[in-house]
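Asker: For reference, this is structure_34.cif, and it has mmCIF, C-alpha atoms and all ligand atoms.
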data_target
loop_
_atom_site.label_atom_id
_atom_site.label_comp_id
_atom_site.auth_asym_id
_atom_site.auth_seq_id
_atom_site.Cartn_x
_atom_site.Cartn_y
_atom_site.Cartn_z
CA MET A 1 25.21 -17.25 -14.97
CA THR A 2 23.23 -19.69 -12.83
CA ILE A 3 19.61 -18.99 -11.91
CA VAL A 4 17.92 -21.19 -9.29
CA VAL A 5 14.12 -21.27 -9.18
CA THR A 6 12.36 -22.49 -6.04
CA GLY A 7 8.79 -23.74 -6.36
CA ALA A 8 9.84 -24.78 -9.87
CA THR A 9 7.44 -27.71 -9.83
CA GLY A 10 4.42 -25.44 -9.35
CA HIS A 11 2.35 -23.59 -11.92
CA LEU A 12 4.19 -20.27 -11.62
CA GLY A 13 7.62 -21.90 -11.42
CA ARG A 14 7.19 -23.83 -14.66
CA LEU A 15 5.99 -20.71 -16.46
CA ALA A 16 8.93 -18.68 -15.08
CA ILE A 17 11.40 -21.27 -16.33
CA GLU A 18 9.71 -21.30 -19.73
CA SER A 19 10.01 -17.50 -19.80
CA LEU A 20 13.70 -17.65 -18.89
CA LEU A 21 14.28 -20.14 -21.71
CA ALA A 22 12.29 -17.92 -24.11
CA LYS A 23 14.51 -14.99 -23.13
CA GLY A 24 17.57 -16.99 -24.19
CA VAL A 25 18.86 -18.24 -20.84
CA PRO A 26 20.45 -21.62 -21.63
CA ALA A 27 18.79 -24.61 -19.95
CA SER A 28 22.23 -25.53 -18.57
CA GLU A 29 22.19 -22.31 -16.50
CA ILE A 30 18.80 -22.94 -14.84
CA VAL A 31 18.26 -25.09 -11.74
CA GLY A 32 14.71 -25.90 -10.62
CA LEU A 33 13.93 -26.89 -7.01
CA GLY A 34 10.83 -28.59 -5.66
CA ARG A 35 9.60 -31.78 -4.11
CA GLN A 36 7.65 -33.44 -6.94
CA VAL A 37 10.51 -33.03 -9.39
CA ASP A 38 9.10 -35.46 -11.96
CA LYS A 39 6.68 -32.67 -12.90
CA ILE A 40 9.49 -30.65 -14.54
CA ALA A 41 11.64 -33.44 -15.91
CA ASP A 42 10.61 -32.39 -19.44
CA LEU A 43 12.08 -28.87 -19.23
CA GLY A 44 15.69 -29.90 -19.89
CA ILE A 45 17.06 -27.94 -16.94
CA THR A 46 18.90 -29.24 -13.88
CA VAL A 47 16.38 -30.35 -11.29
CA LYS A 48 16.96 -30.91 -7.57
CA GLN A 49 14.56 -32.36 -5.03
CA VAL A 50 14.74 -29.96 -2.09
CA ALA A 51 12.16 -29.14 0.58
CA TYR A 52 11.89 -25.73 2.23
CA GLU A 53 12.32 -27.56 5.54
CA ASP A 54 15.92 -28.59 4.71
CA VAL A 55 18.23 -25.63 5.14
CA ASP A 56 21.38 -27.65 4.35
CA ALA A 57 19.96 -28.98 1.08
CA LEU A 58 18.80 -25.47 0.19
CA THR A 59 22.28 -24.10 0.90
CA ASP A 60 23.85 -26.78 -1.31
CA ALA A 61 21.36 -26.04 -4.09
CA PHE A 62 22.02 -22.28 -3.92
CA ARG A 63 25.83 -22.58 -3.90
CA GLY A 64 27.20 -20.94 -7.05
CA ALA A 65 23.85 -19.32 -7.88
CA ASP A 66 24.07 -15.80 -9.23
CA LYS A 67 20.34 -15.31 -8.82
CA VAL A 68 17.45 -17.09 -7.09
CA LEU A 69 13.79 -16.76 -7.97
CA PHE A 70 12.25 -17.45 -4.56
CA ILE A 71 8.63 -18.42 -5.22
CA SER A 72 6.68 -18.25 -1.97
CA GLY A 73 5.59 -21.59 -0.54
CA SER A 74 1.98 -22.72 -0.80
CA GLU A 75 1.52 -24.05 2.74
CA VAL A 76 -0.07 -21.06 4.47
CA GLY A 77 0.79 -21.02 8.18
CA ARG A 78 4.05 -22.94 7.71
CA ARG A 79 5.91 -20.36 5.70
CA ILE A 80 7.60 -18.45 8.54
CA GLN A 81 10.02 -21.34 9.17
CA GLN A 82 10.18 -22.43 5.52
CA HIS A 83 11.00 -18.95 4.26
CA THR A 84 13.47 -18.35 7.08
CA ASN A 85 15.27 -21.46 5.85
CA VAL A 86 15.34 -20.18 2.26
CA VAL A 87 16.76 -16.78 3.23
CA THR A 88 19.29 -18.37 5.62
CA ALA A 89 20.43 -20.70 2.85
CA ALA A 90 20.68 -17.87 0.32
CA LYS A 91 22.84 -15.95 2.77
CA ASN A 92 24.99 -19.01 3.55
CA ALA A 93 25.54 -19.55 -0.16
CA GLY A 94 26.22 -15.88 -0.95
CA VAL A 95 23.56 -15.58 -3.65
CA GLY A 96 23.95 -12.44 -5.79
CA LEU A 97 20.24 -11.54 -6.08
CA VAL A 98 17.05 -12.97 -4.60
CA VAL A 99 13.80 -12.18 -6.43
CA TYR A 100 10.85 -12.94 -4.11
CA THR A 101 7.17 -13.30 -5.03
CA SER A 102 5.23 -11.43 -2.34
CA ALA A 103 1.67 -10.12 -1.87
CA PRO A 104 0.07 -6.81 -2.88
CA LYS A 105 0.80 -3.85 -0.58
CA ALA A 106 2.43 -6.31 1.86
CA ASP A 107 3.71 -3.55 4.13
CA THR A 108 0.38 -1.74 4.55
CA THR A 109 -2.42 -4.24 3.90
CA ASP A 110 -4.49 -5.89 6.64
CA MET A 111 -5.07 -8.97 4.47
CA LYS A 112 -4.12 -11.95 6.65
CA LEU A 113 -2.61 -13.81 3.69
CA ALA A 114 0.05 -11.12 3.40
CA ALA A 115 1.48 -11.50 6.92
CA GLU A 116 3.94 -14.27 6.03
CA HIS A 117 4.97 -12.30 2.94
CA LEU A 118 5.72 -9.18 4.99
CA PHE A 119 7.73 -11.34 7.39
CA THR A 120 9.73 -12.63 4.41
CA GLU A 121 10.27 -9.18 2.95
CA ARG A 122 11.68 -8.08 6.31
CA LEU A 123 13.89 -11.19 6.52
CA LEU A 124 15.34 -10.31 3.15
CA ALA A 125 15.88 -6.69 4.15
CA ASP A 126 17.63 -7.76 7.37
CA SER A 127 19.74 -10.35 5.54
CA GLY A 128 21.65 -7.75 3.57
CA LEU A 129 21.17 -9.87 0.44
CA PRO A 130 20.50 -7.89 -2.75
CA HIS A 131 16.86 -8.58 -3.49
CA THR A 132 13.83 -7.61 -5.55
CA ILE A 133 10.25 -7.85 -4.33
CA LEU A 134 7.52 -8.81 -6.80
CA ARG A 135 4.23 -8.16 -5.03
CA ASN A 136 2.02 -10.27 -7.27
CA SER A 137 -1.69 -9.51 -7.15
CA TRP A 138 -4.31 -12.19 -7.89
CA TYR A 139 -3.92 -14.73 -10.64
CA ILE A 140 -6.89 -14.54 -13.01
CA GLU A 141 -6.89 -18.35 -12.81
CA ASN A 142 -8.27 -17.95 -9.26
CA TYR A 143 -11.61 -17.41 -11.01
CA ASN A 144 -12.94 -20.55 -12.65
CA VAL A 145 -15.05 -19.49 -15.62
CA GLN A 146 -16.66 -22.91 -16.14
CA GLN A 147 -17.80 -23.02 -12.51
CA ALA A 148 -19.08 -19.45 -12.83
CA LEU A 149 -21.16 -20.50 -15.84
CA GLU A 150 -22.61 -23.39 -13.88
CA HIS A 151 -23.17 -21.83 -10.45
CA GLY A 152 -22.56 -18.07 -10.73
CA LEU A 153 -19.84 -16.10 -8.95
CA PHE A 154 -19.76 -15.75 -5.15
CA GLY A 155 -17.49 -13.74 -2.89
CA ALA A 156 -17.18 -11.02 -0.31
CA ALA A 157 -15.20 -8.56 -2.38
CA GLY A 158 -18.05 -6.07 -2.70
CA ARG A 159 -17.22 -3.41 -5.24
CA GLY A 160 -13.48 -3.57 -4.62
CA ARG A 161 -11.39 -3.50 -7.76
CA ILE A 162 -9.22 -6.56 -8.32
CA ALA A 163 -6.15 -6.22 -10.53
CA ALA A 164 -5.55 -9.72 -11.86
CA SER A 165 -3.40 -11.21 -14.60
CA PRO A 166 -2.67 -14.71 -15.79
CA ARG A 167 0.19 -16.46 -14.02
CA ALA A 168 2.06 -16.29 -17.32
CA ASP A 169 2.28 -12.48 -17.04
CA TYR A 170 3.73 -12.65 -13.52
CA ALA A 171 6.12 -15.40 -14.62
CA GLU A 172 7.37 -13.36 -17.56
CA ALA A 173 7.80 -10.33 -15.29
CA ALA A 174 9.83 -12.46 -12.88
CA ALA A 175 12.04 -13.63 -15.73
CA SER A 176 12.57 -9.98 -16.76
CA ALA A 177 13.59 -9.06 -13.21
CA LEU A 178 16.07 -11.96 -13.24
CA VAL A 179 17.72 -11.32 -16.60
CA GLY A 180 17.50 -7.52 -16.61
CA GLU A 181 19.71 -5.04 -14.79
CA GLY A 182 18.89 -2.55 -12.05
CA HIS A 183 16.17 -4.46 -10.21
CA ALA A 184 18.03 -4.97 -6.90
CA GLY A 185 16.45 -2.94 -4.11
CA LYS A 186 13.18 -2.49 -6.02
CA VAL A 187 9.66 -3.31 -4.85
CA TYR A 188 7.17 -3.84 -7.67
CA GLU A 189 3.39 -3.86 -7.16
CA LEU A 190 2.23 -6.16 -9.95
CA GLY A 191 -1.35 -6.40 -11.14
CA GLY A 192 -3.20 -6.68 -14.41
CA GLU A 193 -6.45 -5.30 -15.78
CA SER A 194 -8.72 -4.49 -12.83
CA PHE A 195 -12.40 -5.29 -12.41
CA THR A 196 -15.10 -5.51 -9.78
CA MET A 197 -16.77 -8.87 -9.33
CA ASP A 198 -19.90 -7.48 -11.01
CA GLU A 199 -17.77 -6.43 -13.98
CA LEU A 200 -16.18 -9.88 -14.10
CA ALA A 201 -19.63 -11.49 -14.16
CA ALA A 202 -20.72 -9.11 -16.92
CA GLU A 203 -17.63 -9.86 -19.01
CA ILE A 204 -18.07 -13.63 -18.66
CA SER A 205 -21.73 -13.17 -19.64
CA ARG A 206 -20.79 -11.07 -22.69
CA LEU A 207 -18.17 -13.52 -23.92
CA SER A 208 -20.09 -16.73 -23.20
CA GLY A 209 -23.56 -15.56 -24.17
CA LYS A 210 -24.88 -16.95 -20.87
CA THR A 211 -25.91 -14.66 -18.01
CA VAL A 212 -23.61 -14.97 -15.00
CA THR A 213 -24.35 -13.03 -11.82
CA TYR A 214 -22.18 -12.19 -8.85
CA THR A 215 -23.59 -12.73 -5.35
CA ASP A 216 -21.85 -10.70 -2.69
CA LEU A 217 -21.92 -12.26 0.78
CA PRO A 218 -20.82 -11.15 4.23
CA GLU A 219 -17.32 -12.46 4.97
CA GLU A 220 -18.53 -15.14 7.42
CA LYS A 221 -21.20 -16.41 5.00
CA TYR A 222 -18.65 -16.63 2.19
CA ALA A 223 -16.30 -18.61 4.48
CA GLU A 224 -19.23 -20.97 5.27
CA LEU A 225 -19.93 -21.40 1.56
CA LEU A 226 -16.27 -22.28 0.91
CA VAL A 227 -16.33 -24.86 3.71
CA GLY A 228 -19.55 -26.20 2.19
CA VAL A 229 -17.80 -26.86 -1.12
CA GLY A 230 -14.98 -28.71 0.61
CA LEU A 231 -12.31 -26.21 1.68
CA PRO A 232 -10.71 -26.74 5.09
CA PRO A 233 -12.02 -24.09 7.54
CA ALA A 234 -8.61 -22.40 7.89
CA ALA A 235 -8.26 -22.00 4.11
CA ALA A 236 -11.86 -20.78 3.80
CA GLU A 237 -11.28 -18.20 6.51
CA ILE A 238 -8.15 -16.86 4.85
CA LEU A 239 -9.82 -16.65 1.43
CA ALA A 240 -12.88 -14.90 2.84
CA ASP A 241 -10.60 -12.49 4.68
CA SER A 242 -8.79 -11.81 1.40
CA ASP A 243 -12.11 -10.92 -0.22
CA ARG A 244 -12.99 -8.65 2.71
CA ALA A 245 -9.66 -6.87 2.22
CA ALA A 246 -10.25 -6.72 -1.54
CA SER A 247 -13.56 -4.97 -0.91
CA ARG A 248 -11.48 -2.18 0.63
CA GLY A 249 -8.98 -1.97 -2.21
CA ALA A 250 -6.29 -4.46 -1.13
CA LEU A 251 -5.99 -5.86 -4.67
CA ASP A 252 -6.46 -2.59 -6.52
CA VAL A 253 -2.98 -1.92 -7.87
CA PRO A 254 -2.04 -0.09 -11.05
CA ARG A 255 -0.80 -2.18 -13.94
CA THR A 256 2.16 0.16 -14.56
CA ASP A 257 4.86 -1.91 -12.85
CA LEU A 258 3.76 -5.13 -14.51
CA GLU A 259 3.67 -3.51 -17.95
CA THR A 260 7.10 -1.96 -17.36
CA LEU A 261 8.63 -5.33 -16.49
CA LEU A 262 6.80 -7.03 -19.36
CA GLY A 263 7.62 -4.32 -21.89
CA ARG A 264 4.09 -4.83 -23.26
CA PRO A 265 0.48 -4.42 -22.12
CA VAL A 266 -0.84 -6.92 -19.59
CA THR A 267 -3.01 -9.71 -20.97
CA PRO A 268 -6.54 -8.32 -21.40
CA LEU A 269 -9.22 -9.76 -19.10
CA ALA A 270 -11.27 -10.74 -22.14
CA ASP A 271 -8.39 -12.86 -23.50
CA SER A 272 -8.05 -14.67 -20.16
CA ILE A 273 -11.78 -15.43 -20.07
CA ARG A 274 -11.76 -16.60 -23.70
CA ALA A 275 -8.83 -18.93 -22.89
CA GLN A 276 -10.93 -20.60 -20.17
CA LEU A 277 -14.01 -20.76 -22.40
CA SER A 278 -12.21 -22.54 -25.24
N1 LIG B 301 -1.33 -14.37 -6.41
C1 LIG B 301 -2.19 -15.37 -6.33
O1 LIG B 301 -3.36 -15.28 -6.77
C2 LIG B 301 -1.74 -16.65 -5.71
C3 LIG B 301 -2.61 -17.73 -5.70
C4 LIG B 301 -2.14 -18.93 -5.15
C5 LIG B 301 -0.86 -19.00 -4.64
N2 LIG B 301 -0.04 -17.92 -4.68
C6 LIG B 301 1.35 -17.96 -4.17
O2 LIG B 301 2.19 -18.06 -5.30
C7 LIG B 301 2.99 -19.26 -5.20
C8 LIG B 301 3.16 -19.87 -6.58
O3 LIG B 301 1.87 -20.10 -7.14
P1 LIG B 301 1.60 -21.44 -7.94
O4 LIG B 301 0.30 -21.26 -8.62
O5 LIG B 301 2.81 -21.84 -8.73
O6 LIG B 301 1.43 -22.48 -6.73
P2 LIG B 301 1.56 -24.07 -6.81
O7 LIG B 301 1.31 -24.55 -8.19
O8 LIG B 301 0.74 -24.61 -5.71
O9 LIG B 301 3.09 -24.34 -6.50
C9 LIG B 301 3.62 -24.25 -5.22
C10 LIG B 301 5.09 -24.60 -5.29
O10 LIG B 301 5.64 -24.50 -3.97
C11 LIG B 301 6.37 -25.70 -3.72
N3 LIG B 301 6.39 -25.99 -2.30
C12 LIG B 301 5.36 -25.88 -1.44
N4 LIG B 301 5.76 -26.27 -0.22
C13 LIG B 301 7.05 -26.65 -0.34
C14 LIG B 301 8.02 -27.16 0.55
N5 LIG B 301 7.72 -27.37 1.84
N6 LIG B 301 9.24 -27.43 0.10
C15 LIG B 301 9.57 -27.21 -1.20
N7 LIG B 301 8.70 -26.73 -2.11
C16 LIG B 301 7.46 -26.47 -1.67
C17 LIG B 301 5.65 -26.78 -4.49
O11 LIG B 301 6.51 -27.87 -4.66
P3 LIG B 301 5.93 -29.39 -4.92
O12 LIG B 301 4.67 -29.26 -5.75
O13 LIG B 301 7.04 -30.04 -5.69
O14 LIG B 301 5.67 -29.98 -3.60
C18 LIG B 301 5.35 -26.04 -5.78
O15 LIG B 301 6.49 -26.04 -6.60
C19 LIG B 301 2.23 -20.15 -4.21
O16 LIG B 301 3.11 -21.05 -3.60
C20 LIG B 301 1.66 -19.12 -3.26
O17 LIG B 301 2.62 -18.68 -2.33
C21 LIG B 301 -0.46 -16.76 -5.21
#
For the file at hand, write its structure as structure tokens.

Answerer:
Amino acid sequence: MTIVVTGATGHLGRLAIESLLAKGVPASEIVGLGRQVDKIADLGITVKQVAYEDVDALTDAFRGADKVLFISGSEVGRRIQQHTNVVTAAKNAGVGLVVYTSAPKADTTDMKLAAEHLFTERLLADSGLPHTILRNSWYIENYNVQQALEHGLFGAAGRGRIAASPRADYAEAAASALVGEGHAGKVYELGGESFTMDELAAEISRLSGKTVTYTDLPEEKYAELLVGVGLPPAAAEILADSDRAASRGALDVPRTDLETLLGRPVTPLADSIRAQLS
């Protein structure tokens, strides 16, 4: 069996490959794709330098692949063409199963960040390729505990519940979907232990012994704050919009699907905070 992982050079990709190896997939049966391939030279797998812009190189890399873990690209606004190339290449190569990392509630949410994911889900559906959708909710790593201790937490998520897990949980779930049977045609809503931003602040306070507060801002003010700390305006706008959507439940997903794929409970929020504190 050959499993190709796109975005293998990123944080999630590396963890997914490590999970595949831990599940007993031989390194000789894993191919990792990315641009900065030096980053995964240590994994012992086959590595190919391929950009999402190059449909021919993608097709070559997918040829002979039984399964592809298609990790969504990180360049928001450019993913329509990039993801079209990936799906075209997977179809050209006759891949047996594509497992795609999407966004929570992609087909019903009004979160702007999800639009390119919904487009990709529809591409996959139209392609006729067997596929599995992993609608990953937030990574807990999106919240920087050290910065929270220094400056407090800020956002526009109100009292919306946010189901977050460490990337390692989502990576392990992806590996399960790749090596297990019966996942073709399934859509999984994946999220971990949920919290409001006030609850996150309280938990960081409890575990660190230092009081951390959460300041909720109107969406536009939060976007201004993000620009003020150096984010490009387009990125700030999309993150503030995500918080606005979160305030209305966009990231509030049950942990059931993630725990089913993991075959264990999700990583507790307290453990994730402790990992950042240590
Ligand atoms: N759920 C969440 O909270 C959350 C948060 C952030 C991102 N995401 C999504 O989840 C994905 C994986 O997360 P992550 O933390 O692993 O992100 P990451 O560390 O930024 O990795 C992104 C990966 O995408 C690859 N990539 C980007 N543009 C590419 C292109 N044009 N051609 C080929 N490869 C390209 C990068 O390759 P190189 O580094 O080699 O260029 C890298 O391997 C992200 O790309 C994004 O879609 C989700």

Asker: With a cut-off of 8 Å, could you pull out the residues of chain A touching ligand LIG 301 (chain B) and give me the nearest pair of atoms for each, distance in Å to one decimal, using all atoms listed in the file, ordered by chain and ascending number, as a Markdown table?

Answerer:
| residue | atom | partner | partner_atom | distance |
| --- | --- | --- | --- | --- |
| A:Thr6 | CA | B:LIG301 | N7 | 6.8 |
| A:Gly7 | CA | B:LIG301 | O15 | 3.3 |
| A:Ala8 | CA | B:LIG301 | O15 | 4.8 |
| A:Thr9 | CA | B:LIG301 | O15 | 3.8 |
| A:Gly10 | CA | B:LIG301 | O9 | 3.3 |
| A:His11 | CA | B:LIG301 | O5 | 3.7 |
| A:Leu12 | CA | B:LIG301 | O5 | 3.6 |
| A:Gly13 | CA | B:LIG301 | O5 | 5.5 |
| A:Arg14 | CA | B:LIG301 | O5 | 7.6 |
| A:Leu33 | CA | B:LIG301 | N7 | 7.2 |
| A:Gly34 | CA | B:LIG301 | O13 | 4.1 |
| A:Arg35 | CA | B:LIG301 | O13 | 3.5 |
| A:Gln36 | CA | B:LIG301 | O13 | 3.7 |
| A:Val37 | CA | B:LIG301 | O13 | 5.9 |
| A:Lys39 | CA | B:LIG301 | O13 | 7.7 |
| A:Gln49 | CA | B:LIG301 | O13 | 7.9 |
| A:Val50 | CA | B:LIG301 | C15 | 5.9 |
| A:Ala51 | CA | B:LIG301 | N6 | 3.4 |
| A:Tyr52 | CA | B:LIG301 | N6 | 3.8 |
| A:Glu53 | CA | B:LIG301 | N5 | 5.9 |
| A:Ile71 | CA | B:LIG301 | C7 | 5.7 |
| A:Ser72 | CA | B:LIG301 | O17 | 4.1 |
| A:Gly73 | CA | B:LIG301 | O16 | 4.0 |
| A:Ser74 | CA | B:LIG301 | O16 | 3.5 |
| A:Glu75 | CA | B:LIG301 | N4 | 5.6 |
| A:Val76 | CA | B:LIG301 | O17 | 7.7 |
| A:Gln82 | CA | B:LIG301 | N5 | 6.6 |
| A:Thr101 | CA | B:LIG301 | O2 | 6.9 |
| A:Ser102 | CA | B:LIG301 | O17 | 7.7 |
| A:Ala103 | CA | B:LIG301 | N1 | 6.9 |
| A:Asn136 | CA | B:LIG301 | N1 | 5.4 |
| A:Ser137 | CA | B:LIG301 | N1 | 4.9 |
| A:Trp138 | CA | B:LIG301 | O1 | 3.4 |
| A:Tyr139 | CA | B:LIG301 | O1 | 3.9 |
| A:Ile140 | CA | B:LIG301 | O1 | 7.2 |
| A:Glu141 | CA | B:LIG301 | O1 | 7.6 |
| A:Asn142 | CA | B:LIG301 | O1 | 6.1 |
| A:Ala164 | CA | B:LIG301 | O1 | 7.8 |
| A:Arg167 | CA | B:LIG301 | O4 | 7.2 |

Asker: Hey, which of A:Thr46, A:Lys105, A:Ile3, A:Leu21 ends up closest to Phe62 of chain A? Count all atoms listed in the file.

Answerer: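 Looking at the shortest contact to Phe62 of chain A, the residue is A:Ile3.
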
Asker: Using all atoms listed in the file, determine which residues lie at most 10 Å from Val55 of chain A, disregarding the query and same-chain residues fewer than 3 positions distant; provide the list as an mmCIF file with C-alpha atoms, in the coordinates of the input.

Answerer:
data_model
loop_
_atom_site.group_PDB
_atom_site.id
_atom_site.type_symbol
_atom_site.label_atom_id
_atom_site.label_comp_id
_atom_site.auth_asym_id
_atom_site.auth_seq_id
_atom_site.Cartn_x
_atom_site.Cartn_y
_atom_site.Cartn_z
ATOM 1 C CA VAL A 50 14.740 -29.960 -2.090
ATOM 2 C CA ALA A 51 12.160 -29.140 0.580
ATOM 3 C CA TYR A 52 11.890 -25.730 2.230
ATOM 4 C CA LEU A 58 18.800 -25.470 0.190
ATOM 5 C CA THR A 59 22.280 -24.100 0.900
ATOM 6 C CA ASP A 60 23.850 -26.780 -1.310
ATOM 7 C CA ALA A 61 21.360 -26.040 -4.090
ATOM 8 C CA GLN A 82 10.180 -22.430 5.520
ATOM 9 C CA HIS A 83 11.000 -18.950 4.260
ATOM 10 C CA THR A 84 13.470 -18.350 7.080
ATOM 11 C CA ASN A 85 15.270 -21.460 5.850
ATOM 12 C CA VAL A 86 15.340 -20.180 2.260
ATOM 13 C CA VAL A 87 16.760 -16.780 3.230
ATOM 14 C CA THR A 88 19.290 -18.370 5.620
ATOM 15 C CA ALA A 89 20.430 -20.700 2.850
ATOM 16 C CA ALA A 90 20.680 -17.870 0.320
ATOM 17 C CA ASN A 92 24.990 -19.010 3.550
#

Asker: Excluding same-chain residues fewer than 6 positions from Ala106 of chain A, what lies within 7 Å of it counting all atoms listed in the file, as an MDAnalysis selection string?

Answerer: chainID A and resid 114 117:118

Asker: Of the candidates A:Pro166, A:Gly155, A:Gly44, A:Gly128, which shows the shortest atom-to-atom distance to Leu15 of chain A, using only C-alpha atoms?

Answerer: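 Nearest to Leu15 of chain A: A:Pro166.
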
Asker: With all atoms listed in the file as the atoms that count, which of A:Val227, A:Gly192, A:Leu207, A:Lys112 lies nearest to Ala168 of chain A?

Answerer: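 Nearest to Ala168 of chain A: A:Gly192.
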
Asker: One decimal, Å: what's the distance from atom CA of Leu225 of chain A over to atom CA of Ala148 of chain A, could you say?

Answerer: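 Between atom CA of Leu225 of chain A and atom CA of Ala148 of chain A the gap is 14.5 Å.
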
Asker: Which residues, written as a VMD selection string, have at least one atom at most 9 Å from segment 234-238 of chain A, with all atoms listed in the file counted and residues fewer than 2 positions away on the same chain left out?

Answerer: chain A and resid 76 111 to 113 219 to 220 222 to 227 231 to 232 240 to 243

Asker: Quick one: distance from atom CA of Asp54 of chain A to atom CA of Val98 of chain A in Å, one decimal?

Answerer: 18.2 Å

Asker: Just the number, please: distance in Å from atom CA of Ala93 of chain A to atom CA of Ala22 of chain A, one decimal.

Answerer: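 Atom-to-atom, atom CA of Ala93 of chain A and atom CA of Ala22 of chain A are spaced 27.4 Å apart.
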
Asker: Would you be able to write out as an NGL selection string which residues have an atom within 8 Å of (1.8, -6.2, -10.3) in the file's coordinates, counting all atoms listed in the file?

Answerer: :A and (104 or 134-137 or 163 or 170 or 188-192 or 253-258)
